[in-house]
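What's in coords-v6.csv: CSV, C-alpha atoms
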```
chain,number,residue,atom,x,y,z
T,1,MET,CA,38.7,114.5,73.9
T,2,ARG,CA,40.6,117.8,73.4
T,3,ALA,CA,43.7,115.8,72.7
T,4,ALA,CA,41.8,113.8,70.0
T,5,SER,CA,40.6,117.0,68.4
T,6,GLY,CA,44.1,118.4,68.5
T,7,LEU,CA,45.5,115.4,66.7
T,8,LEU,CA,42.8,115.6,64.0
T,9,GLU,CA,43.7,119.3,63.5
T,10,ALA,CA,47.4,118.5,63.2
T,11,HIS,CA,46.7,115.7,60.8
T,12,ASN,CA,44.5,118.0,58.6
T,13,LYS,CA,47.2,120.6,58.5
T,14,PHE,CA,49.9,118.0,57.6
T,15,ILE,CA,48.0,116.7,54.5
T,16,ALA,CA,47.0,120.2,53.3
T,17,PRO,CA,48.3,120.7,49.8
T,18,PRO,CA,50.6,121.4,48.2
T,19,ASN,CA,53.8,121.3,50.4
T,20,ASN,CA,52.9,121.1,54.1
T,21,PHE,CA,54.1,117.5,54.2
T,22,LEU,CA,57.6,118.8,53.4
T,23,GLN,CA,57.8,121.2,56.3
T,24,GLN,CA,59.7,119.9,59.3
T,25,ASP,CA,57.8,122.0,61.9
T,26,ILE,CA,54.4,120.7,60.7
T,27,ARG,CA,55.7,117.1,60.8
T,28,GLU,CA,56.9,117.7,64.4
T,29,THR,CA,53.5,119.3,65.3
T,30,LEU,CA,51.8,116.1,64.1
T,31,ALA,CA,54.2,113.9,66.1
T,32,LYS,CA,53.7,116.0,69.2
T,33,ALA,CA,49.9,115.9,68.8
T,34,LYS,CA,50.0,112.1,68.5
T,35,ASP,CA,52.2,111.8,71.7
T,36,ALA,CA,49.8,114.2,73.6
T,37,TYR,CA,46.8,112.1,72.6
T,38,ARG,CA,48.6,108.9,73.6
T,39,GLY,CA,49.4,110.4,77.0
T,40,ALA,CA,45.9,111.6,77.5
T,41,PHE,CA,44.5,108.2,76.6
T,42,VAL,CA,46.7,106.4,79.1
T,43,LYS,CA,45.7,108.9,81.8
T,44,MET,CA,42.0,108.5,80.9
T,45,SER,CA,42.4,104.7,81.3
T,46,ASN,CA,44.0,105.1,84.7
T,47,ASP,CA,41.4,107.6,85.8
T,48,LYS,CA,38.7,105.3,84.7
T,49,SER,CA,39.9,102.5,86.9
T,50,ASP,CA,40.1,104.9,89.9
T,51,ALA,CA,36.7,106.4,89.2
T,52,LYS,CA,35.0,103.0,89.2
T,53,ARG,CA,36.3,102.2,92.7
T,54,GLU,CA,35.2,105.5,94.2
T,55,MET,CA,31.9,106.6,95.9
T,56,ALA,CA,30.9,109.9,94.4
T,57,TYR,CA,28.0,112.2,93.7
T,58,GLY,CA,27.8,112.6,89.9
T,59,ILE,CA,25.9,111.8,86.7
T,60,LEU,CA,27.7,108.7,85.5
T,61,SER,CA,27.5,105.2,86.9
T,62,SER,CA,30.5,102.8,86.8
T,63,ASP,CA,28.9,100.9,83.9
T,64,GLN,CA,28.4,104.1,81.9
T,65,ILE,CA,32.0,105.0,82.6
T,66,SER,CA,33.1,101.6,81.3
T,67,GLN,CA,31.0,101.9,78.1
T,68,LEU,CA,32.4,105.4,77.4
T,69,HIS,CA,35.9,104.1,77.8
T,70,ARG,CA,35.2,101.1,75.5
T,71,LEU,CA,33.9,103.4,72.8
T,72,SER,CA,36.8,105.8,73.2
T,73,ARG,CA,39.2,102.9,72.8
T,74,LYS,CA,37.7,102.2,69.4
T,75,ILE,CA,38.4,105.8,68.3
T,76,ALA,CA,42.0,105.4,69.4
T,77,TRP,CA,42.9,102.6,66.9
T,78,PRO,CA,42.4,104.6,63.7
T,79,LEU,CA,43.2,108.0,65.2
T,80,MET,CA,46.6,106.9,66.3
T,81,GLY,CA,47.2,105.4,62.9
T,82,ALA,CA,46.2,108.8,61.3
T,83,GLY,CA,48.9,110.4,63.5
T,84,THR,CA,51.6,108.2,61.8
T,85,VAL,CA,51.0,109.6,58.4
T,86,GLY,CA,54.1,111.8,58.7
T,87,ASN,CA,56.2,108.7,59.3
T,88,ILE,CA,54.5,106.8,56.6
T,89,VAL,CA,55.2,109.5,54.0
T,90,THR,CA,58.9,109.6,55.1
T,91,GLU,CA,59.1,105.8,54.8
T,92,ILE,CA,57.6,105.4,51.4
T,93,LYS,CA,59.7,108.2,50.1
T,94,ARG,CA,62.8,106.4,51.4
T,95,THR,CA,62.0,102.8,50.5
T,96,GLY,CA,59.1,102.8,48.1
T,97,ILE,CA,55.9,100.7,48.7
T,98,LEU,CA,56.4,97.2,50.1
T,99,ASP,CA,54.2,94.2,49.3
T,100,PRO,CA,53.0,91.8,52.1
T,101,ASN,CA,56.2,89.8,51.9
T,102,GLY,CA,58.3,92.9,52.6
T,103,GLU,CA,59.6,93.2,49.0
T,104,ILE,CA,59.7,96.5,47.3
T,105,GLN,CA,56.7,96.7,45.1
T,106,ALA,CA,57.3,100.2,43.5
T,107,ASP,CA,60.1,102.7,43.2
T,108,GLU,CA,60.5,105.6,45.6
T,109,ILE,CA,57.5,107.8,45.6
T,110,THR,CA,58.2,111.4,44.4
T,111,ASP,CA,57.1,114.7,45.9
T,112,GLU,CA,54.9,115.2,42.9
T,113,ASP,CA,53.1,111.9,43.5
T,114,ILE,CA,52.4,113.0,47.1
T,115,ARG,CA,51.2,116.4,45.9
T,116,LYS,CA,48.8,114.7,43.5
T,117,ALA,CA,47.4,112.5,46.2
T,118,LEU,CA,47.0,115.3,48.7
T,119,LYS,CA,45.2,117.5,46.1
T,120,TYR,CA,42.8,114.6,45.6
T,121,LEU,CA,42.3,114.2,49.4
T,122,ASP,CA,42.1,117.9,50.2
T,123,ARG,CA,38.4,118.9,50.1
T,124,PRO,CA,36.7,115.6,51.1
T,125,CYS,CA,39.1,114.9,54.0
T,126,GLN,CA,39.1,118.4,55.2
T,127,GLN,CA,35.3,118.3,55.4
T,128,LEU,CA,35.2,115.0,57.2
T,129,ASN,CA,38.1,116.0,59.5
T,130,SER,CA,36.2,119.2,60.5
T,131,LEU,CA,33.0,117.1,61.0
T,132,CYS,CA,34.9,114.7,63.3
T,133,ARG,CA,36.1,117.7,65.4
T,134,GLU,CA,32.6,119.0,65.6
T,135,GLY,CA,31.5,115.6,66.8
T,136,ILE,CA,34.0,115.7,69.6
T,137,GLU,CA,32.8,119.2,70.4
T,138,HIS,CA,29.2,118.0,70.5
T,139,ILE,CA,30.2,115.3,73.0
T,140,ILE,CA,31.9,117.9,75.2
T,141,CYS,CA,28.9,120.2,74.9
T,142,SER,CA,26.5,117.3,75.8
T,143,PHE,CA,28.4,116.7,79.0
T,144,GLY,CA,28.5,120.4,79.8
T,145,MET,CA,32.3,120.5,80.1
T,146,GLY,CA,34.8,123.3,79.5
T,147,LYS,CA,33.2,126.4,78.0
T,148,TYR,CA,29.8,124.7,77.9
T,149,ALA,CA,29.7,124.3,81.7
T,150,LYS,CA,26.9,126.0,83.4
T,151,PRO,CA,28.0,128.8,85.7
T,152,SER,CA,27.6,127.9,89.4
T,153,ALA,CA,25.1,129.6,91.6
T,154,LEU,CA,27.9,131.8,93.0
T,155,SER,CA,29.0,132.8,89.6
T,156,ARG,CA,25.5,133.6,88.5
T,157,MET,CA,25.2,135.7,91.7
T,158,PHE,CA,28.1,137.8,90.6
T,159,GLY,CA,26.9,138.1,87.0
T,160,LYS,CA,29.2,135.7,85.3
T,161,LYS,CA,27.7,134.5,82.0
T,162,ALA,CA,28.4,131.4,79.9
T,163,ALA,CA,30.9,131.9,77.2
T,164,PRO,CA,29.3,132.3,73.7
T,165,LEU,CA,30.0,129.7,71.0
T,166,ASP,CA,32.8,130.8,68.7
T,167,ASN,CA,31.3,128.9,65.7
T,168,GLU,CA,28.0,130.3,64.4
T,169,THR,CA,27.4,127.3,62.3
T,170,ALA,CA,27.6,124.9,65.3
T,171,THR,CA,24.3,126.0,66.9
T,172,ASP,CA,23.1,122.4,66.9
T,173,LEU,CA,25.9,121.1,69.2
T,174,GLY,CA,24.4,119.3,72.2
T,175,THR,CA,21.1,118.8,70.4
T,176,ASP,CA,19.3,115.9,68.7
T,177,SER,CA,19.7,117.5,65.2
T,178,PHE,CA,23.5,117.3,65.3
T,179,LEU,CA,23.6,113.5,64.5
T,180,ASN,CA,21.5,114.1,61.3
T,181,ARG,CA,24.1,116.7,60.1
T,182,PHE,CA,27.0,114.3,61.1
T,183,ASP,CA,25.4,111.5,59.1
T,184,ALA,CA,24.8,113.7,56.1
T,185,GLY,CA,28.5,114.6,56.0
T,186,PHE,CA,29.6,111.1,56.7
T,187,GLN,CA,27.4,109.7,53.9
T,188,ALA,CA,28.7,112.4,51.4
T,189,PHE,CA,32.3,111.3,52.1
T,190,ARG,CA,31.4,107.7,51.8
T,191,ALA,CA,29.6,108.1,48.5
T,192,GLN,CA,32.6,109.8,46.8
T,193,LYS,CA,35.6,108.1,48.4
T,194,LEU,CA,36.2,105.9,45.3
T,195,ASP,CA,35.5,108.6,42.7
T,196,GLY,CA,38.4,109.7,40.6
T,197,LEU,CA,40.9,107.0,41.7
T,198,GLU,CA,41.5,106.1,38.0
T,199,GLN,CA,43.9,109.0,37.8
T,200,PHE,CA,46.3,107.0,40.0
T,201,PHE,CA,46.5,104.1,37.5
T,202,ASP,CA,48.4,103.8,34.2
T,203,GLU,CA,46.8,104.6,30.9
T,204,LYS,CA,45.3,101.1,30.7
T,205,ARG,CA,44.0,101.4,34.2
T,206,GLU,CA,45.7,98.2,35.2
T,207,ILE,CA,48.7,99.2,37.3
T,208,PRO,CA,48.2,101.5,40.3
T,209,GLY,CA,50.4,104.5,40.7
T,210,GLN,CA,52.4,105.2,43.8
T,211,GLY,CA,50.1,107.8,45.2
T,212,LEU,CA,47.2,105.4,45.5
T,213,PHE,CA,48.6,103.8,48.7
T,214,LEU,CA,48.7,107.2,50.4
T,215,VAL,CA,45.2,108.1,49.3
T,216,LEU,CA,43.7,104.8,50.6
T,217,PHE,CA,45.7,105.0,53.8
T,218,VAL,CA,44.4,108.5,54.7
T,219,GLU,CA,40.9,107.8,53.6
T,220,PHE,CA,40.6,104.5,55.4
T,221,LEU,CA,41.8,105.8,58.8
T,222,LEU,CA,39.8,109.0,58.6
T,223,PHE,CA,36.7,107.1,57.6
T,224,ALA,CA,37.2,104.6,60.5
T,225,THR,CA,37.8,107.5,62.9
T,226,ALA,CA,34.5,109.1,61.9
T,227,GLU,CA,32.7,105.8,62.2
T,228,GLU,CA,33.8,105.3,65.7
T,229,ILE,CA,33.2,108.9,66.7
T,230,ARG,CA,29.6,108.4,65.5
T,231,GLY,CA,29.2,105.4,67.8
T,232,LEU,CA,30.3,107.5,70.7
T,233,ILE,CA,27.9,110.3,69.7
T,234,VAL,CA,25.0,107.9,69.5
T,235,TYR,CA,25.7,106.6,73.1
T,236,VAL,CA,26.2,110.1,74.5
T,237,ASP,CA,22.9,111.3,72.8
T,238,THR,CA,21.1,108.4,74.4
T,239,LEU,CA,22.4,109.4,77.8
T,240,ARG,CA,21.3,113.0,77.2
T,241,THR,CA,17.8,112.2,75.8
T,242,THR,CA,17.0,109.9,78.7
T,243,GLY,CA,18.0,112.5,81.2
T,244,GLU,CA,21.0,110.7,82.5
T,245,LEU,CA,23.3,113.7,82.0
T,246,SER,CA,21.0,116.0,83.9
T,247,ARG,CA,20.6,114.0,87.1
T,248,SER,CA,23.3,113.7,89.7
T,249,LYS,CA,23.1,110.8,92.1
T,250,LEU,CA,25.2,109.2,94.8
T,251,ARG,CA,27.2,106.6,92.9
T,252,PHE,CA,28.7,103.5,94.5
T,253,PRO,CA,31.3,101.1,93.2
T,254,SER,CA,30.0,98.0,91.5
T,255,SER,CA,30.3,94.7,93.3
T,256,LYS,CA,32.9,93.6,90.8
T,257,ALA,CA,35.0,96.7,91.5
T,258,ILE,CA,34.7,96.1,95.2
T,259,ARG,CA,35.9,92.5,94.8
T,260,LYS,CA,38.9,93.6,92.8
T,261,SER,CA,39.8,96.2,95.3
T,262,LEU,CA,39.6,93.7,98.1
T,263,ALA,CA,41.7,91.3,96.1
T,264,ARG,CA,44.4,93.9,95.7
T,265,VAL,CA,44.4,94.6,99.4
T,266,PHE,CA,44.8,91.0,100.5
T,267,HIS,CA,47.0,89.8,97.7
T,268,ALA,CA,50.5,91.2,97.4
T,269,ARG,CA,51.3,91.2,93.7
T,270,GLN,CA,54.7,89.9,92.7
T,271,PRO,CA,56.6,90.9,89.5
T,272,GLU,CA,55.6,87.6,87.9
T,273,ASP,CA,52.0,88.3,88.6
T,274,VAL,CA,52.1,91.5,86.7
T,275,GLY,CA,53.6,89.8,83.6
T,276,ALA,CA,51.2,86.8,83.8
T,277,ALA,CA,48.2,89.1,84.1
T,278,GLY,CA,49.2,91.0,80.9
T,279,PHE,CA,49.3,94.2,82.8
T,280,GLY,CA,48.0,97.2,80.7
T,281,ALA,CA,46.2,95.1,78.1
T,282,GLU,CA,42.8,95.9,79.5
T,283,ASP,CA,43.4,99.6,79.0
T,284,GLY,CA,45.0,99.3,75.6
T,285,ASP,CA,48.7,99.3,76.1
T,286,VAL,CA,49.1,99.0,72.4
T,287,TYR,CA,48.4,102.7,72.1
T,288,THR,CA,51.5,103.5,74.1
T,289,SER,CA,53.8,102.1,71.4
T,290,PRO,CA,55.5,104.8,69.3
T,291,ALA,CA,55.5,102.4,66.3
T,292,PHE,CA,51.7,101.9,66.4
T,293,THR,CA,50.3,102.5,62.9
T,294,GLY,CA,46.5,101.9,63.4
T,295,ARG,CA,46.4,98.6,61.5
T,296,VAL,CA,43.3,96.7,62.6
T,297,GLN,CA,41.1,93.9,61.3
T,298,ARG,CA,38.4,95.9,59.6
T,299,THR,CA,36.4,95.3,56.4
T,300,LEU,CA,34.6,98.1,54.7
T,301,SER,CA,31.8,97.2,52.4
T,302,PRO,CA,29.8,99.6,50.3
T,303,SER,CA,26.7,97.9,51.6
T,304,ALA,CA,27.7,98.0,55.3
T,305,PRO,CA,25.4,100.0,57.6
T,306,ILE,CA,26.6,103.3,59.1
T,307,ILE,CA,26.0,102.2,62.7
T,308,PRO,CA,29.0,100.1,63.8
```

Write the structure described by the file as structure tokens, please.
Amino acid sequence: MRAASGLLEAHNKFIAPPNNFLQQDIRETLAKAKDAYRGAFVKMSNDKSDAKREMAYGILSSDQISQLHRLSRKIAWPLMGAGTVGNIVTEIKRTGILDPNGEIQADEITDEDIRKALKYLDRPCQQLNSLCREGIEHIICSFGMGKYAKPSALSRMFGKKAAPLDNETATDLGTDSFLNRFDAGFQAFRAQKLDGLEQFFDEKREIPGQGLFLVLFVEFLLFATAEEIRGLIVYVDTLRTTGELSRSKLRFPSSKAIRKSLARVFHARQPEDVGAAGFGAEDGDVYTSPAFTGRVQRTLSPSAPIIP
């Protein structure tokens, strides 16, 4: 989750007006953040498979681990796409905007077109990006990880205290009231995401300008990221309010995990078995592709409910 927050922060810095998109170091920071998130996601997928096969004393069952992984995968689709915005800007500056047939639809986009688009995106996207990072922080706080971890009995004995929150406005992290604040910010972005787009059309408001593509690309992926983070927040809040995150139990592998482990023991896999099984597809091997842009089959309707 820290890697996801880091990618969001790098994305926010890259699109900050007026000229961050022109700076090579900021572009490289965004690329490195995307690679770090990709690596963390692959590691999480591998750790999930191992955790489901182990007997342990903890708060999460194998089914809960699987559900958390499924929800995290949904975040990875748009978030990895958001991490490609640097490559997208470079490409449309070099070749222009292409239509579905691969033909050039518009001339090369100018730096001024990009500045205009980023100025439009600045405030609403900055607010939603910050809200997404707070949502991730809320999830970490709900699990009591990192700086939110309770000191052990030994630490309390020697007077060690929990680290204070560094954000005075985030006092609702890990509480039921956070979702209401998240929804309010999400709805505010949703209500205005189409306002002011007429400035990217010609005088007759018929032909779109070149900056419109960049605006819709950034808004769509950030909106989708927030939508999927909300789904994860709702699930984690359910675990917290039902007391699942405060009760540790002896956890055993599911019968399905045991059967798979036994199958691996008694069946020596050949190279052709790995290919035939589509190795990696279950854990989202698409996210490991450097060329991944975040394109998914998603339809956004003004009347669509918030809850995915």

Measuring between all atoms listed in the file, which one of T:Leu250, T:Leu239, T:Cys132, T:Ile92 shows the shortest distance to Leu8 (chain T)? T:Cys132

Between T:Ala56, T:Leu79, T:Ala36, T:Leu22, which is the closest to Ala224 (chain T) once you count all atoms listed in the file? T:Leu79

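Nearest-residue note for Gln192 (chain T): choosing from T:Arg123, T:Lys34, T:Arg2, T:Arg73, the minimum distance belongs to T:Arg123, counting all atoms listed in the file.
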
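Using only C-alpha atoms for every distance, the candidate list T:Ser130, T:Ser66, T:Gln24, T:Ser61 yields T:Gln24 as the residue closest to Gly86 (chain T).
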
For Gln199 (chain T), which of T:Ile15, T:Leu212, T:Ile233, T:Ile65 is the closest residue, counting only C-alpha atoms? T:Leu212

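Straight-line separation from CA of Ile139 (chain T) to CA of Asn46 (chain T): 20.8 Å.
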
For region 175-180 of chain T, find every residue with an atom within 10 Å (counting all atoms listed in the file), except residues of its own chain fewer than 3 positions away, and show them as an NGL selection string. :T and (134-135 or 138 or 141-142 or 170-172 or 183-186 or 230 or 233-234 or 237-238 or 240-241)

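The spacing separating CA of Ala33 (chain T) from CA of Thr84 (chain T) amounts to 10.5 Å.
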
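Interatomic distance, CA of Ile109 (chain T) against CA of Gln210 (chain T): 6.0 Å.
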
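The smallest atom-to-atom distance between Phe14 (chain T) and any of T:Lys43, T:Lys48, T:Arg115, T:Lys249, using all atoms listed in the file, is found for T:Arg115.
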